[in-house]
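A.B. asks: Provided below: structure_37.cif, containing mmCIF, C-alpha atoms.
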data_start
loop_
_atom_site.label_atom_id
_atom_site.label_comp_id
_atom_site.auth_asym_id
_atom_site.auth_seq_id
_atom_site.Cartn_x
_atom_site.Cartn_y
_atom_site.Cartn_z
CA MET A 1 -7.24 12.43 92.95
CA SER A 2 -10.99 12.00 92.76
CA THR A 3 -13.15 13.67 90.16
CA GLU A 4 -16.23 14.08 92.32
CA PRO A 5 -15.38 17.48 93.89
CA TYR A 6 -14.74 18.94 90.45
CA ILE A 7 -18.08 17.72 89.12
CA ILE A 8 -19.89 19.05 92.19
CA LEU A 9 -18.20 22.43 91.78
CA SER A 10 -19.24 22.41 88.14
CA ALA A 11 -22.85 21.62 89.14
CA LEU A 12 -22.84 24.44 91.70
CA LEU A 13 -21.53 26.98 89.20
CA PHE A 14 -24.10 25.83 86.65
CA THR A 15 -26.90 26.23 89.19
CA ILE A 16 -25.72 29.71 90.17
CA GLY A 17 -25.62 30.71 86.51
CA CYS A 18 -29.10 29.31 86.00
CA VAL A 19 -30.53 31.28 88.93
CA GLY A 20 -28.73 34.38 87.68
CA VAL A 21 -30.40 34.13 84.28
CA LEU A 22 -33.78 33.91 86.00
CA VAL A 23 -33.22 36.64 88.58
CA ARG A 24 -31.19 39.41 86.99
CA ARG A 25 -32.86 42.10 84.85
CA ASN A 26 -29.86 43.66 83.12
CA ALA A 27 -29.36 41.92 79.76
CA ILE A 28 -25.57 42.11 80.03
CA VAL A 29 -25.53 40.46 83.45
CA VAL A 30 -27.91 37.78 82.15
CA PHE A 31 -25.38 37.19 79.41
CA MET A 32 -22.58 36.89 81.94
CA CYS A 33 -24.60 34.23 83.76
CA VAL A 34 -24.94 32.29 80.49
CA GLU A 35 -21.15 32.45 80.18
CA LEU A 36 -20.88 31.13 83.73
CA MET A 37 -23.03 28.13 82.78
CA LEU A 38 -20.88 27.43 79.72
CA ASN A 39 -17.75 27.61 81.85
CA ALA A 40 -19.23 25.23 84.40
CA SER A 41 -19.96 22.68 81.68
CA ASN A 42 -16.40 23.14 80.39
CA LEU A 43 -15.03 22.26 83.80
CA ALA A 44 -17.07 19.04 83.77
CA LEU A 45 -15.81 18.19 80.27
CA VAL A 46 -12.17 18.71 81.19
CA THR A 47 -12.61 16.69 84.38
CA PHE A 48 -14.15 13.79 82.49
CA ALA A 49 -11.34 13.96 79.94
CA LYS A 50 -8.90 13.39 82.77
CA ALA A 51 -11.02 10.64 84.33
CA ASN A 52 -11.38 8.75 81.07
CA GLY A 53 -7.81 9.20 79.94
CA ASN A 54 -8.48 10.63 76.47
CA LEU A 55 -8.53 14.12 75.07
CA ASP A 56 -12.01 14.16 73.52
CA GLY A 57 -13.38 16.07 76.50
CA GLN A 58 -10.76 18.77 76.08
CA ILE A 59 -11.61 19.08 72.39
CA ALA A 60 -15.29 19.47 73.31
CA ALA A 61 -14.40 22.17 75.84
CA PHE A 62 -12.37 23.92 73.16
CA PHE A 63 -15.34 23.92 70.78
CA VAL A 64 -17.58 25.24 73.55
CA MET A 65 -15.15 28.12 73.99
CA VAL A 66 -15.20 28.90 70.27
CA VAL A 67 -19.00 28.85 70.17
CA ALA A 68 -19.15 31.00 73.32
CA ALA A 69 -16.89 33.59 71.70
CA ALA A 70 -19.09 33.75 68.60
CA GLU A 71 -22.23 33.87 70.73
CA VAL A 72 -20.91 36.72 72.87
CA VAL A 73 -20.05 38.79 69.81
CA VAL A 74 -23.51 38.44 68.27
CA GLY A 75 -25.34 38.71 71.60
CA LEU A 76 -23.58 41.88 72.63
CA ALA A 77 -24.23 43.38 69.20
CA ILE A 78 -27.94 42.64 69.67
CA ILE A 79 -27.89 44.20 73.14
CA MET A 80 -26.17 47.27 71.71
CA THR A 81 -28.81 47.58 68.98
CA ILE A 82 -31.65 47.24 71.48
CA PHE A 83 -30.01 49.75 73.78
CA ARG A 84 -29.55 52.19 70.90
CA THR A 85 -33.24 52.14 69.96
CA ARG A 86 -34.81 51.76 73.42
CA ARG A 87 -32.20 53.45 75.69
CA SER A 88 -32.38 50.53 78.09
CA ALA A 89 -30.54 47.25 78.62
CA SER A 90 -33.24 45.70 80.77
CA VAL A 91 -34.67 42.41 79.57
CA ASP A 92 -38.15 43.45 80.72
CA ASP A 93 -38.38 46.43 78.40
CA ALA A 94 -38.11 44.48 75.15
CA SER A 95 -41.61 43.01 75.37
CA LEU A 96 -43.21 44.32 72.18
CA LEU A 97 -43.99 40.83 70.86
CA LYS A 98 -46.31 40.33 73.83
CA TYR A 99 -48.90 42.80 72.60
CA MET B 1 -6.15 18.97 95.26
CA THR B 2 -4.79 21.86 97.33
CA ALA B 3 -5.36 24.28 94.47
CA PHE B 4 -8.89 23.00 94.13
CA TRP B 5 -9.81 23.45 97.79
CA ILE B 6 -8.40 26.96 97.76
CA LEU B 7 -10.04 28.00 94.51
CA ALA B 8 -13.43 26.30 94.81
CA PRO B 9 -14.75 28.50 97.68
CA ILE B 10 -13.44 31.61 95.93
CA MET B 11 -15.19 30.60 92.71
CA VAL B 12 -18.49 29.82 94.39
CA LEU B 13 -18.42 33.07 96.36
CA ALA B 14 -17.55 35.11 93.27
CA ALA B 15 -20.30 33.40 91.28
CA LEU B 16 -22.80 34.11 94.07
CA GLY B 17 -21.58 37.69 94.03
CA ILE B 18 -22.67 37.99 90.40
CA LEU B 19 -26.21 37.32 91.59
CA PHE B 20 -26.18 39.97 94.27
CA VAL B 21 -24.08 42.93 93.15
CA ARG B 22 -26.03 45.89 91.81
CA LYS B 23 -23.53 47.21 89.27
CA ALA B 24 -22.83 45.32 86.06
CA VAL B 25 -19.14 46.25 86.14
CA HIS B 26 -18.73 44.52 89.50
CA ALA B 27 -20.45 41.45 88.05
CA ALA B 28 -17.97 41.46 85.15
CA LEU B 29 -15.01 41.66 87.54
CA LEU B 30 -16.39 38.80 89.66
CA LEU B 31 -16.83 36.77 86.47
CA ALA B 32 -13.15 37.44 85.71
CA VAL B 33 -12.26 35.96 89.11
CA VAL B 34 -14.27 32.83 88.31
CA MET B 35 -12.69 32.47 84.88
CA ILE B 36 -9.10 32.90 86.01
CA SER B 37 -9.69 30.38 88.80
CA LEU B 38 -11.14 28.01 86.20
CA ALA B 39 -8.00 28.45 84.10
CA VAL B 40 -5.87 27.39 87.07
CA LEU B 41 -8.10 24.35 87.55
CA TYR B 42 -7.59 23.44 83.89
CA ALA B 43 -3.86 23.56 84.46
CA VAL B 44 -4.29 21.25 87.44
CA LEU B 45 -6.39 18.89 85.31
CA ASP B 46 -3.55 18.39 82.77
CA ALA B 47 -5.02 20.74 80.16
CA PRO B 48 -2.30 23.36 79.58
CA PHE B 49 -3.69 24.33 76.17
CA LEU B 50 -7.13 25.04 77.60
CA PHE B 51 -5.47 26.94 80.44
CA ALA B 52 -3.94 29.32 77.92
CA VAL B 53 -7.08 29.50 75.80
CA GLN B 54 -9.23 30.19 78.85
CA ILE B 55 -7.08 33.14 79.85
CA ILE B 56 -6.60 34.52 76.34
CA VAL B 57 -10.11 34.01 74.97
CA TYR B 58 -12.30 34.34 78.05
CA THR B 59 -10.61 36.82 80.34
CA GLY B 60 -8.73 38.52 77.54
CA ALA B 61 -11.28 38.81 74.76
CA ILE B 62 -14.78 38.04 76.01
CA LEU B 63 -14.62 39.93 79.29
CA MET B 64 -12.99 42.90 77.59
CA LEU B 65 -15.89 42.84 75.14
CA PHE B 66 -18.31 42.82 78.07
CA LEU B 67 -16.56 45.76 79.70
CA PHE B 68 -16.45 47.61 76.39
CA VAL B 69 -20.19 47.19 75.86
CA LEU B 70 -20.82 48.22 79.48
CA MET B 71 -18.84 51.36 78.77
CA LEU B 72 -20.95 52.11 75.69
CA VAL B 73 -24.25 51.25 77.35
CA GLY B 74 -23.39 53.23 80.45
CA VAL B 75 -21.95 51.95 83.67
CA ASP B 76 -24.89 53.26 85.69
CA ALA B 77 -27.42 51.10 83.79
CA SER B 78 -27.95 49.05 86.92
CA ASP B 79 -30.74 46.62 87.61
CA SER B 80 -34.16 47.82 88.63
CA VAL B 81 -35.28 46.26 91.89
CA VAL B 82 -38.94 46.14 90.83
CA GLU B 83 -40.23 42.67 90.08
CA THR B 84 -42.23 42.52 86.89
CA ILE B 85 -43.53 39.02 87.55
CA ARG B 86 -44.71 38.63 91.11
CA GLY B 87 -42.80 36.09 93.16
CA GLN B 88 -40.29 35.48 90.38
CA ARG B 89 -37.22 35.95 92.57
CA VAL B 90 -38.45 33.59 95.26
CA LEU B 91 -39.53 30.97 92.73
CA ALA B 92 -36.24 31.24 90.84
CA THR B 93 -34.29 30.78 94.07
CA VAL B 94 -36.40 27.79 95.09
CA PHE B 95 -36.02 26.14 91.69
CA GLY B 96 -32.31 26.91 91.69
CA LEU B 97 -31.88 25.27 95.07
CA LEU B 98 -33.87 22.27 93.89
CA LEU B 99 -31.74 21.98 90.76
CA GLY B 100 -28.53 22.26 92.73
CA LEU B 101 -29.73 19.72 95.28
CA THR B 102 -30.78 17.28 92.57
CA LEU B 103 -27.46 17.61 90.77
CA VAL B 104 -25.35 17.24 93.90
CA ILE B 105 -27.35 14.26 95.20
CA GLY B 106 -27.29 12.64 91.77
CA ILE B 107 -23.56 13.11 91.40
CA SER B 108 -22.81 11.84 94.87
CA GLN B 109 -24.82 8.67 94.24
CA ILE B 110 -22.89 7.53 91.17
CA SER B 111 -19.34 6.26 91.31
CA PHE B 112 -16.93 7.55 88.71
CA GLY B 113 -14.52 4.65 88.91
CA THR B 114 -10.77 5.07 89.03
CA VAL B 115 -9.21 8.04 87.34
CA ILE B 116 -7.11 6.92 84.38
CA GLY B 117 -5.25 10.21 84.02
CA LEU B 118 -3.89 11.88 80.91
CA ASP B 119 -0.28 10.75 81.19
CA ASP B 120 -0.62 8.39 78.21
CA ALA B 121 -2.72 10.74 76.10
CA ASN B 122 -0.39 13.68 76.75
CA GLU B 123 2.67 11.57 75.90
CA GLY B 124 4.10 13.80 73.16
CA GLY B 125 2.77 17.01 74.67
CA ASN B 126 -0.77 18.23 75.19
CA VAL B 127 -0.91 20.57 72.21
CA PRO B 128 0.31 18.05 69.55
CA ALA B 129 -2.09 15.46 70.94
CA LEU B 130 -4.99 17.90 70.73
CA ALA B 131 -3.95 18.89 67.21
CA ASN B 132 -3.86 15.23 66.16
CA LEU B 133 -7.44 14.80 67.31
CA LEU B 134 -8.63 18.15 65.98
CA PHE B 135 -7.32 17.57 62.46
CA SER B 136 -8.36 13.93 62.15
CA LYS B 137 -11.45 12.91 64.11
CA TYR B 138 -12.93 16.38 64.56
CA VAL B 139 -11.81 18.00 61.31
CA PHE B 140 -15.37 18.49 60.07
CA ALA B 141 -16.43 20.23 63.28
CA PHE B 142 -13.27 22.32 63.08
CA GLU B 143 -14.02 23.45 59.54
CA THR B 144 -17.63 24.20 60.46
CA THR B 145 -16.28 26.40 63.24
CA SER B 146 -14.70 28.65 60.63
CA ALA B 147 -18.12 29.15 59.03
CA LEU B 148 -19.58 29.93 62.46
CA LEU B 149 -16.87 32.47 63.24
CA ILE B 150 -17.19 34.31 59.96
CA THR B 151 -20.98 34.35 60.32
CA ALA B 152 -20.64 35.78 63.81
CA ALA B 153 -18.22 38.45 62.65
CA ILE B 154 -20.44 39.52 59.77
CA GLY B 155 -23.53 39.34 61.97
CA ALA B 156 -21.94 41.61 64.56
CA MET B 157 -20.94 44.08 61.86
CA VAL B 158 -24.45 44.10 60.36
CA LEU B 159 -26.07 44.52 63.77
CA ALA B 160 -23.75 47.26 64.93
CA HIS B 161 -23.76 49.13 61.62
CA ARG B 162 -25.99 52.15 61.35
CA GLU B 163 -27.19 53.27 57.94
CA ARG B 164 -26.90 56.98 57.19
CA LEU B 165 -30.45 58.03 56.44
CA GLU B 166 -29.79 61.66 55.55
CA PRO B 167 -26.85 63.32 53.78
CA LYS B 168 -23.95 64.45 55.91
CA GLU B 169 -24.11 68.09 56.97
CA SER B 170 -21.40 70.10 55.24
CA GLN B 171 -19.75 73.23 56.60
CA ALA B 172 -21.91 75.45 54.38
CA ASP B 173 -25.06 73.69 55.60
CA ALA B 174 -23.99 74.18 59.22
CA ALA B 175 -23.41 77.90 58.65
CA ALA B 176 -26.81 78.27 56.96
CA ARG B 177 -28.49 76.37 59.81
CA ARG B 178 -26.85 78.56 62.45
CA MET B 179 -27.99 81.75 60.71
CA ARG B 180 -31.50 80.32 60.31
CA GLU B 181 -31.62 79.49 64.02
CA TYR B 182 -30.39 82.97 64.83
CA ALA B 183 -33.21 84.47 62.76
CA GLU B 184 -35.86 82.17 64.21
CA THR B 185 -34.91 81.68 67.85
CA GLY B 186 -32.22 84.27 68.45
CA ARG B 187 -29.61 81.65 69.28
CA HIS B 188 -26.10 83.07 69.11
CA PRO B 189 -24.51 81.90 65.82
CA GLY B 190 -20.94 82.07 67.06
CA PRO B 191 -19.01 79.48 69.04
CA LEU B 192 -19.99 78.65 72.61
CA PRO B 193 -18.27 80.56 75.41
CA ALA B 194 -15.26 78.86 76.93
CA PRO B 195 -15.47 77.58 80.52
CA GLY B 196 -14.31 79.96 83.20
CA VAL B 197 -10.63 80.32 83.89
CA PHE B 198 -10.12 81.51 87.43
CA ALA B 199 -7.02 81.73 89.58
CA ARG B 200 -7.55 78.40 91.30
CA HIS B 201 -9.86 76.50 88.93
CA ASN B 202 -9.32 76.23 85.21
CA ALA B 203 -11.08 72.90 84.70
CA VAL B 204 -13.96 72.46 82.27
CA ASP B 205 -16.44 72.08 85.13
CA THR B 206 -15.97 75.72 86.12
CA PRO B 207 -18.58 77.87 84.41
CA ALA B 208 -17.70 81.22 82.88
CA LEU B 209 -19.17 84.33 84.44
CA LEU B 210 -21.10 86.94 82.52
CA PRO B 211 -20.30 90.64 83.15
CA ASP B 212 -23.10 90.88 85.72
CA GLY B 213 -21.65 88.00 87.73
CA THR B 214 -24.16 85.35 86.70
CA VAL B 215 -23.18 81.98 85.25
CA ALA B 216 -22.98 81.56 81.47
CA GLN B 217 -24.91 78.29 81.09
CA ASP B 218 -23.52 77.55 77.62
CA SER B 219 -19.94 77.53 78.83
CA ILE B 220 -20.19 74.09 80.45
CA SER B 221 -20.89 70.76 78.85
CA ARG B 222 -24.49 69.57 79.07
CA VAL B 223 -23.26 66.18 80.28
CA LEU B 224 -21.51 67.73 83.27
CA ALA B 225 -24.59 69.80 84.06
CA ALA B 226 -26.83 66.72 83.90
CA ARG B 227 -24.44 64.81 86.17
CA GLY B 228 -24.51 67.71 88.63
CA THR B 229 -20.73 67.98 88.84
CA VAL B 230 -20.51 71.63 87.84
CA ARG B 231 -18.53 73.78 90.24
CA SER B 232 -20.58 76.68 91.51
CA ALA B 233 -18.86 79.89 90.51
CA PRO B 234 -19.96 82.08 93.45
CA ALA B 235 -18.86 79.33 95.81
CA LEU B 236 -15.33 79.76 94.50
CA ALA B 237 -15.05 82.82 96.71
CA ASP B 238 -16.20 80.98 99.81
CA ASP B 239 -13.02 79.17 100.66
CA ILE B 240 -10.98 82.36 100.49
CA GLU B 241 -12.03 83.00 104.08
CA GLU B 242 -10.97 79.50 105.05
CA ILE B 243 -7.56 79.91 103.49
CA LYS B 244 -7.11 83.20 105.28
CA ARG B 245 -7.99 81.47 108.54
CA GLN B 246 -5.43 78.79 107.80
CA LEU B 247 -2.84 81.48 107.28
CA GLY B 248 -3.60 82.74 110.75
CA GLN B 249 -5.58 85.76 109.70
CA ALA B 250 -8.86 86.87 111.12
CA PRO B 251 -11.37 87.08 108.28
CA GLU B 252 -12.86 90.33 109.55
CA LYS B 253 -9.43 92.00 109.34
CA ALA B 254 -9.64 91.88 105.53
CA PRO B 255 -9.89 95.49 104.43
CA GLU B 256 -12.34 96.84 101.91
CA VAL B 257 -10.35 97.10 98.74
CA SER B 258 -11.04 99.79 96.21
CA GLY B 259 -8.31 99.45 93.60
CA LYS B 260 -6.49 96.47 92.19
CA SER B 261 -3.00 97.59 93.12
CA GLY B 262 -4.07 98.52 96.64
CA ALA B 263 -5.58 95.08 97.16
CA ALA B 264 -2.43 93.28 96.06
CA ALA B 265 -0.26 95.41 98.32
CA SER B 266 -2.45 94.97 101.38
CA THR B 267 -2.66 91.16 101.02
CA GLU B 268 1.10 90.99 100.72
CA GLU B 269 1.54 92.96 103.91
CA GLN B 270 -0.94 90.80 105.77
CA ASN B 271 0.68 87.63 104.53
CA THR B 272 4.09 88.63 105.80
CA ALA B 273 2.56 89.73 109.10
CA SER B 274 0.77 86.45 109.55
CA THR B 275 3.85 84.37 108.78
CA THR B 276 5.93 86.25 111.36
CA ASP B 277 3.11 85.80 113.87
CA GLY B 278 3.11 82.09 113.25
CA GLU B 279 6.88 81.83 113.76
CA GLU B 280 6.72 83.69 117.05
CA GLU B 281 4.06 81.36 118.34
CA GLU B 282 6.06 78.31 117.52
#
What is this structure when it is put down as C-alpha cells?
C.D. replies:
Amino acid sequence: MSTEPYIILSALLFTIGCVGVLVRRNAIVVFMCVELMLNASNLALVTFAKANGNLDGQIAAFFVMVVAAAEVVVGLAIIMTIFRTRRSASVDDASLLKY
Amino acid sequence: MTAFWILAPIMVLAALGILFVRKAVHAALLLAVVMISLAVLYAVLDAPFLFAVQIIVYTGAILMLFLFVLMLVGVDASDSVVETIRGQRVLATVFGLLLGLTLVIGISQISFGTVIGLDDANEGGNVPALANLLFSKYVFAFETTSALLITAAIGAMVLAHRERLEPKESQADAAARRMREYAETGRHPGPLPAPGVFARHNAVDTPALLPDGTVAQDSISRVLAARGTVRSAPALADDIEEIKRQLGQAPEKAPEVSGKSGAAASTEEQNTASTTDGEEEE
C-alpha cells in the first residue's frame, strides 16, 4: 500500500473546498465547503498516522472533528441570526461594515 | 486499494458537484456522499474508531444540522448567479487550479518512505490505544475541548435566542384588538372561513366559495396563495366533461337540470346506459 494516492485525493478535496468557498454565494454552501476542507485535512492526518505507525495522527483528526462540530453549531447559529434579520443567506448581503 | 480506487472518483465527482449544483439541499446530500466515502477510507486505513465517529458525528449530527438550518432558512434560498465582484469566478477557478497543481506536483515530488502500518500501535485494539494517548499525552487538549464544547453550546443558545420585547398578547387583548380592527377597518372579527369542501376536493388548497360563486380569499392560507398552488374553484367543474367523456357519454347529451332530485336521477340513468353501451362494444 502506498500513501501517495490518499494524499493526492486529500489535496484535491481541499482544493475543491477552497474554490467552493471563493465561488459560492450561499452562506450555508460556503460552510459546507469549509467542512469539505476540514475533512480533506483529516484524510491526510489519518493517512500519515498509518504511514508513520503511531496514532497521533488519528488523535489529531479526532480533535479536528470535535472543533468542526463546535464550529458548525456556532456558525449555523450566526447564519440563522443573519437570515432572521436580513431575510437572506447570501454572503454578499452582509456588507454593512464596508460603508 | 480497491476500495480507494472505487471511492476516490466518486468523492471527487461529488465534491465537484457541490460547486455546481444550484440548490443547497443537493449540495448537502453530495457532501454526505463525500463524508460516508471518507468514513470507509478511514476503515481501510486502520482507523475503526474514526470510521464510527465520522459516520455518527459528521453524517449523523453535522449534516442533519445543515439540513435542519436549510429547512428553517428555506430550501429555495438558492444562489444568485450575479457576480458582485467582476471576474471573481474565473479568478477563483484559476487560483484553485494553480493551488491543486502546486499541491499535486509537490506531493508527487517527495517520497513518503515505506509505510510502517498500524499493526503494532493497534495491538490491543484501536480504541484502547487511542484512549491511552488521549488520557495521557493529550489530556490537556482533551480537557480544553470540554471548555470549547460548552462555549459553543452556550454561544449557539445565545445567538439563536430571541428576547421578547413586548408583553405576550393575552386572549382578552386579542379580542380587544379584533374589535378595534373591526371598528377601524371593517375586518371581520370572527374566525376565518374554512377552505372549501367539495365532492372531489376537500384539501386545504381548495378555496371556499361565497354565495355569489366568487372565491373567499380568506379561506386559504396566505402561504399557499403566495406559492401559487391554490386550486381554482371554477376549474373544478371543468373536468366533469372529461369524466363524462371517459364514461362514454357525449358532453352535449347532458340535460339542463332544474331540480336536485331530477339531476341525480338523470345522471344515474345515463350512467347505466353508458355502461351497457361499453359492454356491447367490447
A.B. asks: Would you list the contacts of region 5-18 of chain B as a short mmCIF file (atom, residue, chain, number, x, y, z; two decimals) with C-alpha atoms, in the frame of the given file, taking every protein, DNA or RNA residue within 6 Å and counting all atoms listed in the file, but skipping same-chain residues closer than 5 positions in sequence?
C.D. replies:
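So result13.cif came out as:
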data_model
loop_
_atom_site.label_atom_id
_atom_site.label_comp_id
_atom_site.auth_asym_id
_atom_site.auth_seq_id
_atom_site.Cartn_x
_atom_site.Cartn_y
_atom_site.Cartn_z
CA ALA B 27 -20.45 41.45 88.05
CA LEU B 30 -16.39 38.80 89.66
CA VAL B 34 -14.27 32.83 88.31
#
A.B. asks: Could you list the residues in chain B lying within 7 Å of chain A, using all atoms listed in the file, and format the result as a ChimeraX atom specification?
C.D. replies: /B:8,12,15-16,19,24,27,45,50,62,73,78-80,89,92-93,96,99-100,103-104,115-118,121,130,149,152,155-156,159-160
A.B. asks: What separation in Å, quoted to one decimal, exists between CA of Pro193 (chain B) and CA of Ala208 (chain B)?
C.D. replies: 7.5 Å
A.B. asks: Padding 3 Å on each side, edges along x, y and z: where is the centre of the box around the listed atoms of region 15-33 of chain A, and how long are its edges in Å to one decimal? Output it as lines of an AutoDock Vina configuration file.
C.D. replies:
center_x = -28.2
center_y = 34.9
center_z = 84.8
size_x = 17.2
size_y = 23.4
size_z = 16.8
A.B. asks: What does the PyMOL selection byres ((chain B and resi 217) around 12) select in this file, as a PyMOL selection string?
C.D. replies: chain B and resi 192-196+205-210+214-216+218-222+224-225+230+232-233
A.B. asks: Between CA of Ala28 (chain B) and CA of Val34 (chain A), what distance in Å does the model show, to one decimal?
C.D. replies: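 Computed distance, CA of Ala28 (chain B) to CA of Val34 (chain A), equals 12.4 Å.
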A.B. asks: May I ask for the distance between CA of Glu143 (chain B) and CA of Phe68 (chain B), given in Å to one decimal place?
C.D. replies: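 Between CA of Glu143 (chain B) and CA of Phe68 (chain B) the gap works out to 29.6 Å.
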A.B. asks: Counting all atoms listed in the file, which residue out of A:Ala44, A:Met37, A:Val64, A:Leu97 sits closest to Ile107 (chain B)?
C.D. replies: A:Ala44
